[in-house]
file input_10.cif (mmCIF, C-alpha atoms)
data_final
#
loop_
_atom_site.group_PDB
_atom_site.id
_atom_site.type_symbol
_atom_site.label_atom_id
_atom_site.label_comp_id
_atom_site.auth_asym_id
_atom_site.auth_seq_id
_atom_site.Cartn_x
_atom_site.Cartn_y
_atom_site.Cartn_z
ATOM 1 C CA MET A 1 190.130 103.818 152.845
ATOM 2 C CA ASP A 2 193.037 103.381 150.426
ATOM 3 C CA LEU A 3 193.311 104.036 146.700
ATOM 4 C CA GLY A 4 194.777 101.669 144.149
ATOM 5 C CA PHE A 5 195.238 101.854 140.398
ATOM 6 C CA PHE A 6 194.377 99.300 137.715
ATOM 7 C CA SER A 7 196.515 98.942 134.610
ATOM 8 C CA MET A 8 195.423 97.054 131.516
ATOM 9 C CA ASN A 9 199.113 96.094 131.447
ATOM 10 C CA THR A 10 199.616 95.777 127.700
ATOM 11 C CA ASP A 11 202.534 96.303 125.352
ATOM 12 C CA HIS A 12 201.171 99.845 124.862
ATOM 13 C CA SER A 13 200.803 100.653 128.567
ATOM 14 C CA PHE A 14 202.938 102.865 130.773
ATOM 15 C CA PRO A 15 205.762 100.440 131.753
ATOM 16 C CA ILE A 16 204.645 98.592 134.852
ATOM 17 C CA ASP A 17 207.833 99.184 136.873
ATOM 18 C CA GLN A 18 207.739 102.921 136.193
ATOM 19 C CA LEU A 19 204.023 103.078 136.953
ATOM 20 C CA ALA A 20 204.569 101.265 140.240
ATOM 21 C CA ARG A 21 207.235 103.773 141.336
ATOM 22 C CA GLU A 22 205.029 106.720 140.418
ATOM 23 C CA LEU A 23 202.105 105.280 142.370
ATOM 24 C CA GLU A 24 204.155 104.572 145.478
ATOM 25 C CA GLU A 25 205.737 108.025 145.427
ATOM 26 C CA ARG A 26 202.267 109.602 145.317
ATOM 27 C CA GLY A 27 200.893 107.584 148.215
ATOM 28 C CA PHE A 28 198.781 105.053 146.353
ATOM 29 C CA GLU A 29 198.387 101.829 148.286
ATOM 30 C CA SER A 30 198.279 99.239 145.500
ATOM 31 C CA LEU A 31 198.680 98.362 141.826
ATOM 32 C CA TRP A 32 196.378 95.894 140.088
ATOM 33 C CA VAL A 33 196.519 94.026 136.791
ATOM 34 C CA GLY A 34 194.064 91.662 135.162
ATOM 35 C CA GLU A 35 194.474 88.545 133.075
ATOM 36 C CA HIS A 36 193.408 87.176 129.732
ATOM 37 C CA SER A 37 195.710 84.576 128.227
ATOM 38 C CA HIS A 38 194.068 85.251 124.877
ATOM 39 C CA ILE A 39 190.824 86.415 123.286
ATOM 40 C CA PRO A 40 189.253 84.050 120.738
ATOM 41 C CA VAL A 41 188.779 85.674 117.356
ATOM 42 C CA LYS A 42 185.371 84.055 116.964
ATOM 43 C CA ARG A 43 183.500 84.914 120.137
ATOM 44 C CA GLU A 44 179.813 84.851 120.956
ATOM 45 C CA THR A 45 180.170 85.845 124.616
ATOM 46 C CA PRO A 46 179.228 89.533 125.063
ATOM 47 C CA TYR A 47 181.629 91.894 126.776
ATOM 48 C CA PRO A 48 180.271 92.523 130.319
ATOM 49 C CA GLY A 49 181.071 96.221 130.020
ATOM 50 C CA GLY A 50 178.777 96.551 127.011
ATOM 51 C CA GLY A 51 179.600 97.368 123.409
ATOM 52 C CA GLU A 52 182.743 96.253 121.626
ATOM 53 C CA LEU A 53 185.544 94.610 123.570
ATOM 54 C CA PRO A 54 188.407 97.136 123.901
ATOM 55 C CA ASP A 55 191.534 96.071 122.031
ATOM 56 C CA ALA A 56 193.579 96.227 125.244
ATOM 57 C CA TYR A 57 191.951 93.000 126.425
ATOM 58 C CA THR A 58 193.737 91.143 123.614
ATOM 59 C CA ARG A 59 197.142 92.521 124.614
ATOM 60 C CA MET A 60 197.423 91.869 128.360
ATOM 61 C CA ALA A 61 200.804 90.721 129.663
ATOM 62 C CA ASP A 62 201.247 87.945 132.206
ATOM 63 C CA PRO A 63 200.100 89.282 135.600
ATOM 64 C CA PHE A 64 202.637 87.539 137.836
ATOM 65 C CA VAL A 65 205.707 88.407 135.763
ATOM 66 C CA SER A 66 204.441 91.984 135.563
ATOM 67 C CA LEU A 67 203.784 92.289 139.297
ATOM 68 C CA MET A 68 207.263 90.963 140.019
ATOM 69 C CA ALA A 69 208.691 93.820 137.943
ATOM 70 C CA ALA A 70 206.467 96.256 139.851
ATOM 71 C CA GLY A 71 207.501 94.751 143.170
ATOM 72 C CA ALA A 72 211.194 94.983 142.353
ATOM 73 C CA ALA A 73 210.765 98.691 141.642
ATOM 74 C CA THR A 74 208.963 99.482 144.923
ATOM 75 C CA GLU A 75 209.165 98.780 148.635
ATOM 76 C CA ASN A 76 205.662 98.871 150.102
ATOM 77 C CA LEU A 77 203.167 99.012 147.230
ATOM 78 C CA LYS A 78 200.693 96.135 147.411
ATOM 79 C CA LEU A 79 200.439 94.039 144.266
ATOM 80 C CA GLY A 80 197.093 92.617 143.202
ATOM 81 C CA THR A 81 195.740 90.329 140.525
ATOM 82 C CA GLY A 82 192.402 91.715 139.500
ATOM 83 C CA VAL A 83 191.704 88.969 138.630
ATOM 84 C CA CYS A 84 193.719 85.816 138.046
ATOM 85 C CA LEU A 85 191.630 83.434 135.937
ATOM 86 C CA ILE A 86 192.305 80.416 138.103
ATOM 87 C CA LEU A 87 190.403 77.993 135.844
ATOM 88 C CA GLU A 88 192.652 78.826 132.911
ATOM 89 C CA ARG A 89 195.933 78.002 134.656
ATOM 90 C CA ASP A 90 197.794 74.956 135.859
ATOM 91 C CA LEU A 91 196.940 75.063 139.545
ATOM 92 C CA ILE A 92 200.164 73.674 141.021
ATOM 93 C CA ALA A 93 202.303 75.931 138.838
ATOM 94 C CA THR A 94 200.174 78.918 139.819
ATOM 95 C CA ALA A 95 200.573 78.109 143.519
ATOM 96 C CA LYS A 96 204.356 78.118 143.090
ATOM 97 C CA THR A 97 204.397 81.269 140.961
ATOM 98 C CA ALA A 98 202.202 83.249 143.354
ATOM 99 C CA ALA A 99 204.095 82.062 146.433
ATOM 100 C CA THR A 100 207.394 83.005 144.802
ATOM 101 C CA LEU A 101 206.059 86.479 144.013
ATOM 102 C CA ASP A 102 204.849 86.886 147.593
ATOM 103 C CA ARG A 103 208.239 85.855 148.989
ATOM 104 C CA LEU A 104 210.289 88.027 146.664
ATOM 105 C CA THR A 105 208.140 91.082 147.442
ATOM 106 C CA ASN A 106 208.070 90.448 151.208
ATOM 107 C CA GLY A 107 204.397 89.573 151.468
ATOM 108 C CA ARG A 108 202.731 92.167 149.247
ATOM 109 C CA LEU A 109 200.515 89.975 147.058
ATOM 110 C CA VAL A 110 196.708 90.162 147.108
ATOM 111 C CA MET A 111 195.435 87.186 145.130
ATOM 112 C CA GLY A 112 192.358 88.305 143.267
ATOM 113 C CA ILE A 113 190.665 85.308 141.652
ATOM 114 C CA GLY A 114 187.775 84.918 139.236
ATOM 115 C CA CYS A 115 186.320 82.310 136.918
ATOM 116 C CA GLY A 116 185.970 84.653 133.947
ATOM 117 C CA TRP A 117 183.152 85.704 131.642
ATOM 118 C CA ASN A 118 184.419 84.500 128.259
ATOM 119 C CA VAL A 119 182.923 81.103 127.429
ATOM 120 C CA GLU A 120 185.157 80.516 124.423
ATOM 121 C CA GLU A 121 188.318 81.491 126.289
ATOM 122 C CA LEU A 122 187.639 78.992 129.075
ATOM 123 C CA ARG A 123 186.744 76.305 126.529
ATOM 124 C CA ASN A 124 190.159 76.644 124.902
ATOM 125 C CA HIS A 125 191.791 75.881 128.245
ATOM 126 C CA GLN A 126 189.300 73.328 129.582
ATOM 127 C CA PRO A 127 187.170 71.865 126.804
ATOM 128 C CA ASP A 128 185.647 69.298 129.183
ATOM 129 C CA LEU A 129 184.485 71.845 131.786
ATOM 130 C CA PRO A 130 180.959 73.146 131.078
ATOM 131 C CA PHE A 131 180.742 76.884 131.687
ATOM 132 C CA LYS A 132 177.769 76.361 133.994
ATOM 133 C CA LYS A 133 180.032 74.384 136.347
ATOM 134 C CA ARG A 134 182.706 77.055 136.595
ATOM 135 C CA TYR A 135 181.820 78.160 140.122
ATOM 136 C CA GLY A 136 182.039 74.647 141.521
ATOM 137 C CA ALA A 137 185.388 74.201 139.800
ATOM 138 C CA MET A 138 186.621 77.506 141.208
ATOM 139 C CA ARG A 139 185.606 76.511 144.740
ATOM 140 C CA GLU A 140 187.767 73.395 144.483
ATOM 141 C CA ARG A 141 190.704 75.276 143.024
ATOM 142 C CA VAL A 142 190.650 77.860 145.807
ATOM 143 C CA ALA A 143 190.491 75.107 148.426
ATOM 144 C CA ALA A 144 193.355 73.221 146.776
ATOM 145 C CA LEU A 145 195.396 76.414 146.442
ATOM 146 C CA ARG A 146 195.103 76.958 150.187
ATOM 147 C CA GLU A 147 196.323 73.408 150.748
ATOM 148 C CA LEU A 148 199.301 73.915 148.443
ATOM 149 C CA TRP A 149 200.232 77.155 150.202
ATOM 150 C CA THR A 150 199.899 75.978 153.795
ATOM 151 C CA GLU A 151 200.726 72.260 154.000
ATOM 152 C CA ASP A 152 204.178 70.692 153.725
ATOM 153 C CA GLU A 153 202.469 67.709 152.141
ATOM 154 C CA SER A 154 199.233 68.605 150.394
ATOM 155 C CA SER A 155 196.634 66.582 148.548
ATOM 156 C CA TYR A 156 193.201 67.226 147.121
ATOM 157 C CA HIS A 157 190.518 64.979 145.679
ATOM 158 C CA GLY A 158 187.446 66.560 144.175
ATOM 159 C CA ASP A 159 185.330 66.537 141.045
ATOM 160 C CA HIS A 160 187.519 69.070 139.239
ATOM 161 C CA VAL A 161 190.870 68.989 141.095
ATOM 162 C CA ASN A 162 192.610 65.751 141.928
ATOM 163 C CA PHE A 163 196.167 65.145 143.126
ATOM 164 C CA ASP A 164 197.802 62.819 145.637
ATOM 165 C CA ALA A 165 200.176 63.941 148.393
ATOM 166 C CA LEU A 166 202.902 66.224 147.093
ATOM 167 C CA ARG A 167 205.387 68.821 148.263
ATOM 168 C CA CYS A 168 205.121 72.271 146.698
ATOM 169 C CA PHE A 169 207.521 75.018 147.772
ATOM 170 C CA PRO A 170 208.223 77.831 148.410
ATOM 171 C CA LYS A 171 205.394 78.858 150.691
ATOM 172 C CA PRO A 172 204.131 82.460 150.751
ATOM 173 C CA VAL A 173 205.483 84.906 153.315
ATOM 174 C CA GLN A 174 202.012 85.963 154.455
ATOM 175 C CA THR A 175 200.341 83.859 157.128
ATOM 176 C CA PRO A 176 198.447 81.705 156.527
ATOM 177 C CA HIS A 177 198.660 82.799 152.866
ATOM 178 C CA PRO A 178 198.028 85.875 150.685
ATOM 179 C CA PRO A 179 194.422 87.019 150.983
ATOM 180 C CA ILE A 180 192.182 85.439 148.374
ATOM 181 C CA MET A 181 189.835 88.035 146.941
ATOM 182 C CA LEU A 182 186.975 86.820 144.774
ATOM 183 C CA GLY A 183 185.814 89.173 142.056
ATOM 184 C CA ASN A 184 182.453 87.429 141.638
ATOM 185 C CA TRP A 185 179.133 89.081 140.904
ATOM 186 C CA GLY A 186 175.594 87.821 140.445
ATOM 187 C CA PRO A 187 173.638 85.749 142.996
ATOM 188 C CA THR A 188 175.690 82.564 142.566
ATOM 189 C CA GLY A 189 179.001 84.364 142.495
ATOM 190 C CA ILE A 190 178.246 86.394 145.607
ATOM 191 C CA LYS A 191 177.082 83.252 147.397
ATOM 192 C CA HIS A 192 180.570 81.846 146.876
ATOM 193 C CA VAL A 193 182.182 85.003 148.225
ATOM 194 C CA VAL A 194 180.046 84.811 151.354
ATOM 195 C CA GLU A 195 180.912 81.140 151.777
ATOM 196 C CA TYR A 196 184.708 81.061 151.526
ATOM 197 C CA ALA A 197 186.424 84.239 150.292
ATOM 198 C CA ASP A 198 188.930 86.193 152.354
ATOM 199 C CA GLU A 199 187.962 89.411 150.560
ATOM 200 C CA TRP A 200 185.499 90.631 147.924
ATOM 201 C CA GLY A 201 186.367 92.739 144.890
ATOM 202 C CA PRO A 202 183.231 93.850 142.992
ATOM 203 C CA VAL A 203 183.287 96.069 139.895
ATOM 204 C CA ASP A 204 180.994 99.025 140.543
ATOM 205 C CA SER A 205 179.521 99.209 137.044
ATOM 206 C CA PHE A 206 178.105 95.689 137.353
ATOM 207 C CA PHE A 207 175.543 96.953 139.883
ATOM 208 C CA ALA A 208 172.829 99.574 139.533
ATOM 209 C CA ASP A 209 173.616 100.844 143.036
ATOM 210 C CA PRO A 210 177.071 99.740 144.258
ATOM 211 C CA VAL A 211 176.571 101.218 147.729
ATOM 212 C CA ALA A 212 173.308 99.339 148.239
ATOM 213 C CA GLN A 213 174.972 96.171 146.940
ATOM 214 C CA VAL A 214 177.824 96.484 149.433
ATOM 215 C CA GLN A 215 175.330 96.962 152.242
ATOM 216 C CA GLU A 216 173.324 93.944 151.067
ATOM 217 C CA PHE A 217 176.495 91.867 150.836
ATOM 218 C CA ARG A 218 177.435 92.692 154.407
ATOM 219 C CA ARG A 219 173.953 91.616 155.521
ATOM 220 C CA GLN A 220 174.339 88.313 153.687
ATOM 221 C CA VAL A 221 177.713 87.734 155.327
ATOM 222 C CA GLU A 222 176.228 88.351 158.763
ATOM 223 C CA ASP A 223 173.265 86.068 158.017
ATOM 224 C CA ALA A 224 175.740 83.335 157.069
ATOM 225 C CA GLY A 225 177.385 83.578 160.487
ATOM 226 C CA ARG A 226 180.515 85.428 159.402
ATOM 227 C CA ASP A 227 181.667 88.798 160.665
ATOM 228 C CA PRO A 228 181.255 91.394 157.862
ATOM 229 C CA GLU A 229 184.386 93.142 159.118
ATOM 230 C CA SER A 230 186.367 89.950 158.443
ATOM 231 C CA ILE A 231 185.782 90.210 154.665
ATOM 232 C CA PRO A 232 187.367 93.451 153.396
ATOM 233 C CA ILE A 233 185.723 94.947 150.316
ATOM 234 C CA THR A 234 187.644 96.486 147.429
ATOM 235 C CA ILE A 235 185.527 98.342 144.869
ATOM 236 C CA PHE A 236 186.933 98.403 141.349
ATOM 237 C CA ALA A 237 185.779 101.714 139.888
ATOM 238 C CA THR A 238 185.326 101.855 136.126
ATOM 239 C CA ALA A 239 184.551 105.551 135.708
ATOM 240 C CA GLN A 240 186.241 108.602 137.243
ATOM 241 C CA PRO A 241 184.567 108.812 140.658
ATOM 242 C CA THR A 242 184.256 112.108 142.469
ATOM 243 C CA ILE A 243 185.437 112.522 146.043
ATOM 244 C CA GLU A 244 181.778 112.301 147.079
ATOM 245 C CA LYS A 245 181.415 108.948 145.322
ATOM 246 C CA LEU A 246 184.628 107.664 146.874
ATOM 247 C CA ALA A 247 183.463 108.777 150.308
ATOM 248 C CA SER A 248 180.152 106.944 149.801
ATOM 249 C CA TYR A 249 182.056 103.753 149.017
ATOM 250 C CA ARG A 250 184.155 104.235 152.136
ATOM 251 C CA ASP A 251 181.140 104.908 154.308
ATOM 252 C CA ALA A 252 179.429 101.779 152.967
ATOM 253 C CA GLY A 253 182.365 99.706 154.204
ATOM 254 C CA ALA A 254 184.909 99.538 151.378
ATOM 255 C CA VAL A 255 188.534 99.482 152.517
ATOM 256 C CA ARG A 256 189.950 100.227 149.079
ATOM 257 C CA VAL A 257 188.911 101.634 145.703
ATOM 258 C CA VAL A 258 190.871 100.663 142.617
ATOM 259 C CA LEU A 259 190.705 103.399 140.012
ATOM 260 C CA ALA A 260 190.711 103.118 136.187
ATOM 261 C CA THR A 261 189.440 99.533 136.189
ATOM 262 C CA GLY A 262 189.095 98.195 132.667
ATOM 263 C CA HIS A 263 189.453 101.681 131.197
ATOM 264 C CA PRO A 264 190.480 101.338 127.541
ATOM 265 C CA GLY A 265 192.995 104.183 127.596
ATOM 266 C CA MET A 266 193.863 105.298 131.110
ATOM 267 C CA HIS A 267 196.735 102.828 131.388
ATOM 268 C CA ARG A 268 198.699 104.502 128.578
ATOM 269 C CA ALA A 269 201.780 106.564 129.362
ATOM 270 C CA ASP A 270 200.268 109.874 128.251
ATOM 271 C CA LYS A 271 197.139 109.423 130.389
ATOM 272 C CA ALA A 272 198.101 107.384 133.451
ATOM 273 C CA LEU A 273 200.074 110.043 135.315
ATOM 274 C CA PRO A 274 197.638 112.930 134.702
ATOM 275 C CA PHE A 275 194.838 110.639 135.862
ATOM 276 C CA ILE A 276 196.471 109.530 139.112
ATOM 277 C CA ASP A 277 197.656 113.074 139.837
ATOM 278 C CA ARG A 278 194.024 114.172 139.966
ATOM 279 C CA TYR A 279 193.399 111.757 142.837
ATOM 280 C CA VAL A 280 196.507 112.371 144.948
ATOM 281 C CA GLU A 281 194.791 115.111 146.960
ATOM 282 C CA TYR A 282 192.027 112.682 147.971
ATOM 283 C CA ILE A 283 194.324 110.045 149.485
ATOM 284 C CA ALA A 284 194.843 111.735 152.845
ATOM 285 C CA GLU A 285 191.221 112.861 153.063
ATOM 286 C CA LEU A 286 189.900 109.347 152.527
ATOM 287 C CA SER A 287 192.344 107.729 154.943
ATOM 288 C CA ASP A 288 191.798 110.274 157.734
ATOM 289 C CA ASN A 289 188.035 109.728 157.974
#

call {"tool": "encode", "arguments": {"input": "input_10.cif", "output": "structure tokens"}}
result
Amino acid sequence: MDLGFFSMNTDHSFPIDQLARELEERGFESLWVGEHSHIPVKRETPYPGGGELPDAYTRMADPFVSLMAAGAATENLKLGTGVCLILERDLIATAKTAATLDRLTNGRLVMGIGCGWNVEELRNHQPDLPFKKRYGAMRERVAALRELWTEDESSYHGDHVNFDALRCFPKPVQTPHPPIMLGNWGPTGIKHVVEYADEWGPVDSFFADPVAQVQEFRRQVEDAGRDPESIPITIFATAQPTIEKLASYRDAGAVRVVLATGHPGMHRADKALPFIDRYVEYIAELSDN
């Protein structure tokens, strides 16, 4: 099992290119950044993590520009969106941006995708899309994204995505395309992961027992006729897991744990390096077993 690191990626964070170099030098496998184009000032949607929304969520930089800077500073570090809010972006432009990033970093992109939790944020981007229909809209966008990445002439006609035959280049380096990881949770969200995701990226704090949830997910995948081994699981850890906790995630079937997920302060320059240094000694132990 590999270890990755999540940065809130704000204007107060440890610079992303420097962070990427430090992670690669220490043996970390990946760097992850999230996305919020904005946070509405008047918001009724509760923060999924509980309590007040940390200020860092209002200050996130663009994930693809940031990961390009990280990729230019490294050679092998995988670069992940955790997650790209696919419903809040122009789809064709996003296909081109992500494919360009994948090409310029020699196939290191992991495309984490989600439909978001902030009703008001989505409404600002898509006022005609009811929040209750977000999962259906995401399904179409993922399907259309695959078309744009793999076909010389692609088209898509659905309820939420509609375009006639077009040519969109460049194509990603990875074949057939960068892995699409869904960060969904809840019964409906997990159903979508089981149906069409390449990978699954759950946040551990969203489940009372993450290990049991991973085991249940693998059973659902098998019941659906898919091989559980064909859907790698990345657990986004919100606390500071012990080696025993990390080992339990590995033994349950996770291939990667991303540390410091959503942490309000761990991405800052004075805290990021001390934090990752505490986990360096675990990297070899987790990968050897």

call {"tool": "resolve_selection", "arguments": {"input": "input_10.cif", "expression": "the PyMOL selection byres ((chain A and resi 214) around 12)", "output": "PyMOL selection string"}}
result
chain A and resi 185+190+200-204+207-213+215-221+228+231-235+248-255

call {"tool": "atom_distance", "arguments": {"input": "input_10.cif", "atom1": "atom CA of Ala69 of chain A", "atom2": "atom CA of Asp17 of chain A"}}
result
5.5 Å

call {"tool": "atom_distance", "arguments": {"input": "input_10.cif", "atom1": "atom CA of Trp117 of chain A", "atom2": "atom CA of Thr45 of chain A"}}
result
7.6 Å

call {"tool": "resolve_selection", "arguments": {"input": "input_10.cif", "expression": "the PyMOL selection byres ((chain A and resi 11) around 8)", "output": "PyMOL selection string"}}
result
chain A and resi 9-10+12-13+59-61

call {"tool": "resolve_selection", "arguments": {"input": "input_10.cif", "expression": "the PyMOL selection byres ((chain A and resi 79-92) around 6)", "output": "ChimeraX atom specification"}}
result
/A:30-35,78,93-95,108-115,125

call {"tool": "closest_residue", "arguments": {"input": "input_10.cif", "among": "A:Tyr57, A:Tyr196, A:Tyr47, A:Tyr156", "to": "Ser7 of chain A", "atoms": "only C-alpha atoms"}}
result
A:Tyr57

call {"tool": "closest_residue", "arguments": {"input": "input_10.cif", "among": "A:Glu120, A:Lys133, A:Gly158, A:Gly51", "to": "Gly189 of chain A", "atoms": "all atoms listed in the file"}}
result
A:Lys133

call {"tool": "atom_distance", "arguments": {"input": "input_10.cif", "atom1": "atom CA of Ile283 of chain A", "atom2": "atom CA of Pro241 of chain A"}}
result
13.2 Å

call {"tool": "closest_residue", "arguments": {"input": "input_10.cif", "among": "A:Met8, A:Pro274, A:Arg43, A:Leu19", "to": "Glu121 of chain A", "atoms": "all atoms listed in the file"}}
result
A:Arg43

call {"tool": "residues_near_point", "arguments": {"input": "input_10.cif", "point": "(204.8, 104.1, 144.9)", "cutoff": "12 Å", "atoms": "all atoms listed in the file", "output": "JSON list (two decimals) with C-alpha atoms, keeping the file's coordinate frame"}}
result
[["chain", "number", "residue", "atom", "x", "y", "z"],
["A", 3, "LEU", "CA", 193.31, 104.04, 146.70],
["A", 4, "GLY", "CA", 194.78, 101.67, 144.15],
["A", 5, "PHE", "CA", 195.24, 101.85, 140.40],
["A", 16, "ILE", "CA", 204.64, 98.59, 134.85],
["A", 17, "ASP", "CA", 207.83, 99.18, 136.87],
["A", 18, "GLN", "CA", 207.74, 102.92, 136.19],
["A", 19, "LEU", "CA", 204.02, 103.08, 136.95],
["A", 20, "ALA", "CA", 204.57, 101.26, 140.24],
["A", 21, "ARG", "CA", 207.24, 103.77, 141.34],
["A", 22, "GLU", "CA", 205.03, 106.72, 140.42],
["A", 23, "LEU", "CA", 202.10, 105.28, 142.37],
["A", 24, "GLU", "CA", 204.16, 104.57, 145.48],
["A", 25, "GLU", "CA", 205.74, 108.02, 145.43],
["A", 26, "ARG", "CA", 202.27, 109.60, 145.32],
["A", 27, "GLY", "CA", 200.89, 107.58, 148.22],
["A", 28, "PHE", "CA", 198.78, 105.05, 146.35],
["A", 29, "GLU", "CA", 198.39, 101.83, 148.29],
["A", 30, "SER", "CA", 198.28, 99.24, 145.50],
["A", 31, "LEU", "CA", 198.68, 98.36, 141.83],
["A", 70, "ALA", "CA", 206.47, 96.26, 139.85],
["A", 71, "GLY", "CA", 207.50, 94.75, 143.17],
["A", 72, "ALA", "CA", 211.19, 94.98, 142.35],
["A", 73, "ALA", "CA", 210.76, 98.69, 141.64],
["A", 74, "THR", "CA", 208.96, 99.48, 144.92],
["A", 75, "GLU", "CA", 209.16, 98.78, 148.64],
["A", 76, "ASN", "CA", 205.66, 98.87, 150.10],
["A", 77, "LEU", "CA", 203.17, 99.01, 147.23],
["A", 78, "LYS", "CA", 200.69, 96.14, 147.41],
["A", 79, "LEU", "CA", 200.44, 94.04, 144.27],
["A", 276, "ILE", "CA", 196.47, 109.53, 139.11],
["A", 280, "VAL", "CA", 196.51, 112.37, 144.95]]

call {"tool": "residues_near_point", "arguments": {"input": "input_10.cif", "point": "(184.1, 111.5, 145.4)", "cutoff": "12 Å", "atoms": "only C-alpha atoms", "output": "VMD selection string"}}
result
chain A and resid 3 237 239 to 251 257 259 278 to 279 281 to 283 285 to 286

call {"tool": "closest_residue", "arguments": {"input": "input_10.cif", "among": "A:Glu199, A:Pro179, A:Leu53, A:Phe14", "to": "Asp102 of chain A", "atoms": "all atoms listed in the file"}}
result
A:Pro179

call {"tool": "closest_residue", "arguments": {"input": "input_10.cif", "among": "A:Val161, A:Lys96, A:Phe6, A:Lys171", "to": "Phe275 of chain A", "atoms": "all atoms listed in the file"}}
result
A:Phe6

call {"tool": "closest_residue", "arguments": {"input": "input_10.cif", "among": "A:Ser205, A:Val142, A:His160, A:Leu273", "to": "Pro130 of chain A", "atoms": "only C-alpha atoms"}}
result
A:His160

call {"tool": "decode", "arguments": {"input": "input_10.cif", "residues": "segment 128-183 of chain A", "atoms": "C-alpha atoms", "output": "short mmCIF file (atom, residue, chain, number, x, y, z; two decimals), in the first residue's frame"}}
result
data_model
loop_
_atom_site.label_atom_id
_atom_site.label_comp_id
_atom_site.auth_asym_id
_atom_site.auth_seq_id
_atom_site.Cartn_x
_atom_site.Cartn_y
_atom_site.Cartn_z
CA ASP A 128 -31.24 24.52 -13.94
CA LEU A 129 -29.81 21.30 -12.46
CA PRO A 130 -31.71 20.15 -9.34
CA PHE A 131 -29.31 18.91 -6.68
CA LYS A 132 -31.24 15.65 -6.43
CA LYS A 133 -30.29 14.89 -10.05
CA ARG A 134 -26.57 15.42 -9.56
CA TYR A 135 -25.65 11.74 -9.69
CA GLY A 136 -27.40 11.17 -12.99
CA ALA A 137 -25.68 14.24 -14.40
CA MET A 138 -22.32 13.00 -13.15
CA ARG A 139 -22.83 9.60 -14.78
CA GLU A 140 -23.33 11.29 -18.15
CA ARG A 141 -20.35 13.57 -17.70
CA VAL A 142 -18.04 10.67 -16.86
CA ALA A 143 -19.29 8.74 -19.89
CA ALA A 144 -18.83 11.76 -22.15
CA LEU A 145 -15.38 12.44 -20.70
CA ARG A 146 -14.32 8.92 -21.65
CA GLU A 147 -15.58 9.54 -25.17
CA LEU A 148 -13.66 12.81 -25.44
CA TRP A 149 -10.47 11.14 -24.21
CA THR A 150 -10.59 8.01 -26.36
CA GLU A 151 -12.33 8.80 -29.66
CA ASP A 152 -10.91 10.82 -32.55
CA GLU A 153 -14.45 11.95 -33.24
CA SER A 154 -16.65 11.92 -30.16
CA SER A 155 -20.29 12.73 -29.56
CA TYR A 156 -22.71 12.37 -26.69
CA HIS A 157 -26.46 12.82 -26.37
CA GLY A 158 -28.04 12.53 -22.97
CA ASP A 159 -30.35 14.37 -20.61
CA HIS A 160 -27.57 16.51 -19.14
CA VAL A 161 -24.74 16.37 -21.72
CA ASN A 162 -25.36 16.93 -25.39
CA PHE A 163 -22.88 17.54 -28.20
CA ASP A 164 -22.57 16.43 -31.82
CA ALA A 165 -19.46 14.86 -33.34
CA LEU A 166 -16.33 16.84 -32.55
CA ARG A 167 -12.57 16.48 -32.39
CA CYS A 168 -10.92 17.18 -29.04
CA PHE A 169 -7.15 16.85 -28.68
CA PRO A 170 -4.68 16.14 -27.20
CA LYS A 171 -5.51 12.71 -25.86
CA PRO A 172 -4.10 11.51 -22.52
CA VAL A 173 -0.91 9.45 -22.44
CA GLN A 174 -2.47 6.74 -20.28
CA THR A 175 -4.39 3.98 -22.04
CA PRO A 176 -7.29 4.03 -22.41
CA HIS A 177 -7.33 7.17 -20.23
CA PRO A 178 -6.34 8.32 -16.72
CA PRO A 179 -8.15 6.28 -14.08
CA ILE A 180 -11.43 7.85 -13.03
CA MET A 181 -11.81 7.65 -9.28
CA LEU A 182 -15.20 8.50 -7.80
CA GLY A 183 -15.19 10.00 -4.34
#
